[in-house]
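As provided, upload_4.txt (compact mmCIF, N, CA and C atoms) reads as follows.
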# COMPACT_ATOMS: atom_id res chain seq x y z
N ILE E 1 254.01 55.86 172.58
CA ILE E 1 254.23 54.67 171.79
C ILE E 1 255.47 53.97 172.37
N PRO E 2 255.32 52.70 172.77
CA PRO E 2 256.44 51.99 173.37
C PRO E 2 257.68 52.00 172.46
N ASN E 3 258.82 52.24 173.07
CA ASN E 3 260.13 52.25 172.39
C ASN E 3 260.29 53.38 171.38
N ALA E 4 259.40 54.35 171.38
CA ALA E 4 259.52 55.48 170.46
C ALA E 4 260.69 56.37 170.89
N LYS E 5 261.31 57.00 169.93
CA LYS E 5 262.40 57.95 170.18
C LYS E 5 261.93 59.32 169.72
N LEU E 6 262.08 60.31 170.58
CA LEU E 6 261.68 61.67 170.25
C LEU E 6 262.78 62.37 169.48
N SER E 7 262.42 62.92 168.35
CA SER E 7 263.34 63.74 167.57
C SER E 7 262.49 64.85 166.94
N PRO E 8 262.42 66.00 167.60
CA PRO E 8 261.60 67.09 167.07
C PRO E 8 262.03 67.48 165.65
N LEU E 9 261.09 67.90 164.88
CA LEU E 9 261.36 68.28 163.49
C LEU E 9 262.46 69.35 163.41
N GLN E 10 262.48 70.25 164.38
CA GLN E 10 263.48 71.33 164.38
C GLN E 10 264.91 70.80 164.51
N THR E 11 265.08 69.63 165.13
CA THR E 11 266.43 69.09 165.32
C THR E 11 266.68 67.83 164.50
N LEU E 12 265.72 67.43 163.70
CA LEU E 12 265.85 66.17 162.96
C LEU E 12 267.10 66.13 162.09
N GLN E 13 267.38 67.20 161.40
CA GLN E 13 268.55 67.22 160.51
C GLN E 13 269.83 66.91 161.29
N SER E 14 270.00 67.51 162.45
CA SER E 14 271.21 67.24 163.24
C SER E 14 271.14 65.90 163.97
N ASP E 15 269.95 65.32 164.13
CA ASP E 15 269.79 64.02 164.78
C ASP E 15 270.01 62.85 163.82
N LEU E 16 270.11 63.09 162.54
CA LEU E 16 270.19 62.01 161.56
C LEU E 16 271.34 61.04 161.81
N ALA E 17 272.46 61.54 162.33
CA ALA E 17 273.63 60.69 162.56
C ALA E 17 273.36 59.60 163.60
N ARG E 18 272.43 59.82 164.51
CA ARG E 18 272.16 58.83 165.56
C ARG E 18 270.97 57.93 165.22
N ILE E 19 270.38 58.09 164.06
CA ILE E 19 269.24 57.27 163.65
C ILE E 19 269.75 56.10 162.80
N PRO E 20 269.42 54.87 163.18
CA PRO E 20 269.85 53.72 162.37
C PRO E 20 269.35 53.84 160.94
N LYS E 21 270.19 53.49 159.99
CA LYS E 21 269.87 53.70 158.58
C LYS E 21 269.09 52.56 157.92
N ASN E 22 269.21 51.35 158.44
CA ASN E 22 268.62 50.19 157.77
C ASN E 22 267.60 49.47 158.64
N VAL E 23 266.79 50.22 159.35
CA VAL E 23 265.71 49.64 160.15
C VAL E 23 264.41 50.31 159.74
N PRO E 24 263.29 49.64 159.94
CA PRO E 24 262.01 50.29 159.65
C PRO E 24 261.82 51.52 160.55
N ILE E 25 261.29 52.58 159.97
CA ILE E 25 261.08 53.83 160.69
C ILE E 25 259.65 54.29 160.46
N LEU E 26 258.93 54.53 161.54
CA LEU E 26 257.58 55.07 161.46
C LEU E 26 257.59 56.43 162.15
N LEU E 27 257.23 57.45 161.42
CA LEU E 27 257.22 58.82 161.93
C LEU E 27 255.80 59.19 162.33
N VAL E 28 255.67 59.72 163.55
CA VAL E 28 254.35 60.02 164.10
C VAL E 28 254.37 61.40 164.73
N CYS E 29 253.32 62.16 164.53
CA CYS E 29 253.10 63.40 165.26
C CYS E 29 251.61 63.53 165.54
N ARG E 30 251.23 64.57 166.21
CA ARG E 30 249.83 64.71 166.62
C ARG E 30 248.87 64.80 165.44
N THR E 31 249.26 65.51 164.39
CA THR E 31 248.34 65.72 163.26
C THR E 31 248.77 65.03 161.98
N GLY E 32 250.03 64.63 161.87
CA GLY E 32 250.54 64.03 160.64
C GLY E 32 251.33 65.02 159.78
N ARG E 33 251.17 66.31 160.03
CA ARG E 33 251.84 67.32 159.19
C ARG E 33 253.35 67.32 159.41
N ARG E 34 253.79 67.33 160.67
CA ARG E 34 255.25 67.29 160.94
C ARG E 34 255.83 65.94 160.56
N ALA E 35 255.06 64.87 160.74
CA ALA E 35 255.53 63.54 160.34
C ALA E 35 255.77 63.49 158.84
N ALA E 36 254.92 64.14 158.07
CA ALA E 36 255.10 64.19 156.61
C ALA E 36 256.36 64.97 156.25
N ALA E 37 256.61 66.07 156.95
CA ALA E 37 257.83 66.86 156.69
C ALA E 37 259.06 66.05 157.09
N ALA E 38 258.98 65.34 158.21
CA ALA E 38 260.10 64.49 158.65
C ALA E 38 260.34 63.36 157.66
N TYR E 39 259.26 62.84 157.10
CA TYR E 39 259.36 61.78 156.09
C TYR E 39 260.20 62.26 154.90
N ASP E 40 259.95 63.46 154.42
CA ASP E 40 260.72 64.00 153.30
C ASP E 40 262.20 64.10 153.65
N ILE E 41 262.50 64.56 154.86
CA ILE E 41 263.90 64.66 155.30
C ILE E 41 264.53 63.28 155.37
N MET E 42 263.82 62.31 155.95
CA MET E 42 264.36 60.96 156.11
C MET E 42 264.57 60.27 154.77
N ARG E 43 263.65 60.43 153.85
CA ARG E 43 263.79 59.78 152.53
C ARG E 43 265.00 60.34 151.79
N LYS E 44 265.27 61.62 151.93
CA LYS E 44 266.46 62.21 151.30
C LYS E 44 267.73 61.74 151.99
N ALA E 45 267.68 61.61 153.31
CA ALA E 45 268.86 61.21 154.07
C ALA E 45 269.17 59.72 153.91
N PHE E 46 268.12 58.89 153.79
CA PHE E 46 268.28 57.44 153.70
C PHE E 46 267.55 56.91 152.47
N PRO E 47 268.00 57.26 151.27
CA PRO E 47 267.26 56.88 150.06
C PRO E 47 267.16 55.37 149.83
N ASP E 48 268.07 54.59 150.40
CA ASP E 48 268.04 53.14 150.20
C ASP E 48 267.10 52.43 151.18
N ASN E 49 266.67 53.13 152.22
CA ASN E 49 265.77 52.51 153.19
C ASN E 49 264.33 52.69 152.70
N LYS E 50 263.76 51.61 152.21
CA LYS E 50 262.39 51.65 151.69
C LYS E 50 261.36 51.47 152.80
N ALA E 51 261.83 51.23 154.03
CA ALA E 51 260.93 51.02 155.16
C ALA E 51 260.84 52.27 156.04
N VAL E 52 260.53 53.40 155.40
CA VAL E 52 260.29 54.65 156.11
C VAL E 52 258.87 55.07 155.79
N TRP E 53 258.08 55.25 156.86
CA TRP E 53 256.67 55.62 156.68
C TRP E 53 256.33 56.76 157.62
N PHE E 54 255.24 57.44 157.33
CA PHE E 54 254.70 58.38 158.31
C PHE E 54 253.23 58.08 158.49
N LEU E 55 252.76 58.35 159.69
CA LEU E 55 251.37 58.09 160.03
C LEU E 55 250.59 59.39 159.86
N ASP E 56 249.67 59.37 158.94
CA ASP E 56 248.82 60.53 158.70
C ASP E 56 247.52 60.31 159.47
N GLY E 57 247.60 60.53 160.76
CA GLY E 57 246.45 60.31 161.63
C GLY E 57 246.71 60.92 162.98
N THR E 58 245.74 60.84 163.83
CA THR E 58 245.85 61.43 165.16
C THR E 58 245.82 60.33 166.21
N PRO E 59 246.88 60.21 167.03
CA PRO E 59 246.84 59.22 168.10
C PRO E 59 245.89 59.69 169.20
N GLU E 60 245.15 58.77 169.73
CA GLU E 60 244.25 59.05 170.85
C GLU E 60 244.71 58.19 172.02
N TYR E 61 245.16 58.82 173.10
CA TYR E 61 245.70 58.10 174.25
C TYR E 61 244.61 57.89 175.29
N HIS E 62 244.61 56.70 175.88
CA HIS E 62 243.60 56.34 176.86
C HIS E 62 244.21 56.34 178.26
N LYS E 63 243.37 56.43 179.27
CA LYS E 63 243.84 56.51 180.66
C LYS E 63 244.67 55.30 181.07
N ASP E 64 244.40 54.15 180.47
CA ASP E 64 245.15 52.94 180.82
C ASP E 64 246.50 52.83 180.11
N GLY E 65 246.85 53.85 179.33
CA GLY E 65 248.11 53.85 178.61
C GLY E 65 248.02 53.33 177.20
N ALA E 66 246.90 52.75 176.84
CA ALA E 66 246.71 52.25 175.49
C ALA E 66 246.49 53.45 174.54
N PHE E 67 246.60 53.19 173.26
CA PHE E 67 246.37 54.25 172.27
C PHE E 67 245.76 53.65 171.02
N THR E 68 245.05 54.48 170.30
CA THR E 68 244.50 54.13 169.00
C THR E 68 244.74 55.31 168.09
N PHE E 69 244.56 55.12 166.80
CA PHE E 69 244.73 56.20 165.84
C PHE E 69 243.43 56.48 165.12
N ARG E 70 243.14 57.76 164.93
CA ARG E 70 241.96 58.16 164.18
C ARG E 70 242.41 58.71 162.85
Take the structure I supplied and represent it as structure tokens, if you would.
Amino acid sequence: IPNAKLSPLQTLQSDLARIPKNVPILLVCRTGRRAAAAYDIMRKAFPDNKAVWFLDGTPEYHKDGAFTFR
């Protein structure tokens, strides 16, 4: 995903200080399960940011670099 920043769930808690607090945040993982767990962490860390979402779907990457979600 263009401009995406990687922050594994295992290090998310320690990465919170470098994540902007007042910008829209979309959390994505292969199955949606880790994104949902990250969403819970982010909502607790940034309760005033109402623009935090997680994608409950599976990204499908194409040879040309494009992607879609199922």
Near-range 36-44 of chain E list (9 Å; only C-alpha atoms; drop same-chain fewer than 2 positions) as a VMD selection string: chain E and resid 8 to 9 12 to 13 16 26 to 29 32 to 34 46 to 50 52 to 56
Please give the complete set of residues from chain E that DSSP, run on the backbone, assigns to helix (DSSP H, G or I), formatted as a ChimeraX atom specification. /E:9-18,33-45
Tell me, in Å to one decimal, how far CA of Ser7 in chain E is from CA of Ala66 in chain E.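 Separation between CA of Ser7 in chain E and CA of Ala66 in chain E: 21.7 Å.
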Best match for closeness to Arg70 in chain E among E:Arg30, E:Gly57, E:Ala4, E:Pro20, counting only N, CA and C atoms: E:Gly57
Residues flagged strand (DSSP E) by DSSP in chain E, as number ranges by chain: E: 25-27, 52-54, 59-61, 67-69
note - atom C of Ser14 in chain E and CA of Ala45 in chain E are separated by 11.2 Å
Pairwise distance, atom N of Thr11 in chain E with atom C of Ala35 in chain E, equals 12.8 Å
Using the file's own x, y and z axes, so that the box edges lie along x, y and z, what centre and edge lengths in Å (one decimal) does a box around every listed atom of range 28-45 of chain E get when 4 Å is added on each side? Give it as AutoDock Vina command-line options.
--center_x 258.8 --center_y 63.5 --center_z 159.0 --size_x 28.8 --size_y 15.6 --size_z 23.3
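Nearest to Asn22 in chain E of all the residues E:Ala51, E:Phe69, E:Gln10, E:Asn3 is E:Ala51, based on all atoms listed in the file.
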Among listed residues E:His62, E:Ile25, E:Thr31, E:Phe67, nearest Ile1 in chain E (using only C-alpha atoms):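 The closest residue to Ile1 in chain E is E:Phe67.
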How would range 30-56 of chain E look with N, CA, C and O atoms restored, written as a tab-separated table (two decimals), in the coordinates of the input?
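Final file, result_17.tsv:
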chain	number	residue	atom	x	y	z
E	30	ARG	N	251.23	64.57	166.21
E	30	ARG	CA	249.83	64.71	166.62
E	30	ARG	C	248.87	64.80	165.44
E	30	ARG	O	247.79	64.24	165.46
E	31	THR	N	249.26	65.51	164.39
E	31	THR	CA	248.34	65.72	163.26
E	31	THR	C	248.77	65.03	161.98
E	31	THR	O	247.98	64.91	161.06
E	32	GLY	N	250.03	64.63	161.87
E	32	GLY	CA	250.54	64.03	160.64
E	32	GLY	C	251.33	65.02	159.78
E	32	GLY	O	252.08	64.62	158.92
E	33	ARG	N	251.17	66.31	160.03
E	33	ARG	CA	251.84	67.32	159.19
E	33	ARG	C	253.35	67.32	159.41
E	33	ARG	O	254.13	67.31	158.46
E	34	ARG	N	253.79	67.33	160.67
E	34	ARG	CA	255.25	67.29	160.94
E	34	ARG	C	255.83	65.94	160.56
E	34	ARG	O	256.97	65.86	160.09
E	35	ALA	N	255.06	64.87	160.74
E	35	ALA	CA	255.53	63.54	160.34
E	35	ALA	C	255.77	63.49	158.84
E	35	ALA	O	256.74	62.89	158.38
E	36	ALA	N	254.92	64.14	158.07
E	36	ALA	CA	255.10	64.19	156.61
E	36	ALA	C	256.36	64.97	156.25
E	36	ALA	O	257.12	64.57	155.37
E	37	ALA	N	256.61	66.07	156.95
E	37	ALA	CA	257.83	66.86	156.69
E	37	ALA	C	259.06	66.05	157.09
E	37	ALA	O	260.07	66.05	156.37
E	38	ALA	N	258.98	65.34	158.21
E	38	ALA	CA	260.10	64.49	158.65
E	38	ALA	C	260.34	63.36	157.66
E	38	ALA	O	261.48	62.99	157.40
E	39	TYR	N	259.26	62.84	157.10
E	39	TYR	CA	259.36	61.78	156.09
E	39	TYR	C	260.20	62.26	154.90
E	39	TYR	O	261.09	61.54	154.43
E	40	ASP	N	259.95	63.46	154.42
E	40	ASP	CA	260.72	64.00	153.30
E	40	ASP	C	262.20	64.10	153.65
E	40	ASP	O	263.06	63.75	152.84
E	41	ILE	N	262.50	64.56	154.86
E	41	ILE	CA	263.90	64.66	155.30
E	41	ILE	C	264.53	63.28	155.37
E	41	ILE	O	265.65	63.07	154.89
E	42	MET	N	263.82	62.31	155.95
E	42	MET	CA	264.36	60.96	156.11
E	42	MET	C	264.57	60.27	154.77
E	42	MET	O	265.56	59.57	154.57
E	43	ARG	N	263.65	60.43	153.85
E	43	ARG	CA	263.79	59.78	152.53
E	43	ARG	C	265.00	60.34	151.79
E	43	ARG	O	265.69	59.61	151.09
E	44	LYS	N	265.27	61.62	151.93
E	44	LYS	CA	266.46	62.21	151.30
E	44	LYS	C	267.73	61.74	151.99
E	44	LYS	O	268.74	61.49	151.33
E	45	ALA	N	267.68	61.61	153.31
E	45	ALA	CA	268.86	61.21	154.07
E	45	ALA	C	269.17	59.72	153.91
E	45	ALA	O	270.33	59.32	153.90
E	46	PHE	N	268.12	58.89	153.79
E	46	PHE	CA	268.28	57.44	153.70
E	46	PHE	C	267.55	56.91	152.47
E	46	PHE	O	266.57	56.17	152.57
E	47	PRO	N	268.00	57.26	151.27
E	47	PRO	CA	267.26	56.88	150.06
E	47	PRO	C	267.16	55.37	149.83
E	47	PRO	O	266.24	54.92	149.15
E	48	ASP	N	268.07	54.59	150.40
E	48	ASP	CA	268.04	53.14	150.20
E	48	ASP	C	267.10	52.43	151.18
E	48	ASP	O	266.81	51.25	151.00
E	49	ASN	N	266.67	53.13	152.22
E	49	ASN	CA	265.77	52.51	153.19
E	49	ASN	C	264.33	52.69	152.70
E	49	ASN	O	263.76	53.76	152.78
E	50	LYS	N	263.76	51.61	152.21
E	50	LYS	CA	262.39	51.65	151.69
E	50	LYS	C	261.36	51.47	152.80
E	50	LYS	O	260.17	51.52	152.56
E	51	ALA	N	261.83	51.23	154.03
E	51	ALA	CA	260.93	51.02	155.16
E	51	ALA	C	260.84	52.27	156.04
E	51	ALA	O	261.07	52.24	157.23
E	52	VAL	N	260.53	53.40	155.40
E	52	VAL	CA	260.29	54.65	156.11
E	52	VAL	C	258.87	55.07	155.79
E	52	VAL	O	258.50	55.19	154.63
E	53	TRP	N	258.08	55.25	156.86
E	53	TRP	CA	256.67	55.62	156.68
E	53	TRP	C	256.33	56.76	157.62
E	53	TRP	O	257.01	56.97	158.62
E	54	PHE	N	255.24	57.44	157.33
E	54	PHE	CA	254.70	58.38	158.31
E	54	PHE	C	253.23	58.08	158.49
E	54	PHE	O	252.56	57.59	157.58
E	55	LEU	N	252.76	58.35	159.69
E	55	LEU	CA	251.37	58.09	160.03
E	55	LEU	C	250.59	59.39	159.86
E	55	LEU	O	250.86	60.37	160.53
E	56	ASP	N	249.67	59.37	158.94
E	56	ASP	CA	248.82	60.53	158.70
E	56	ASP	C	247.52	60.31	159.47
E	56	ASP	O	246.51	59.90	158.92
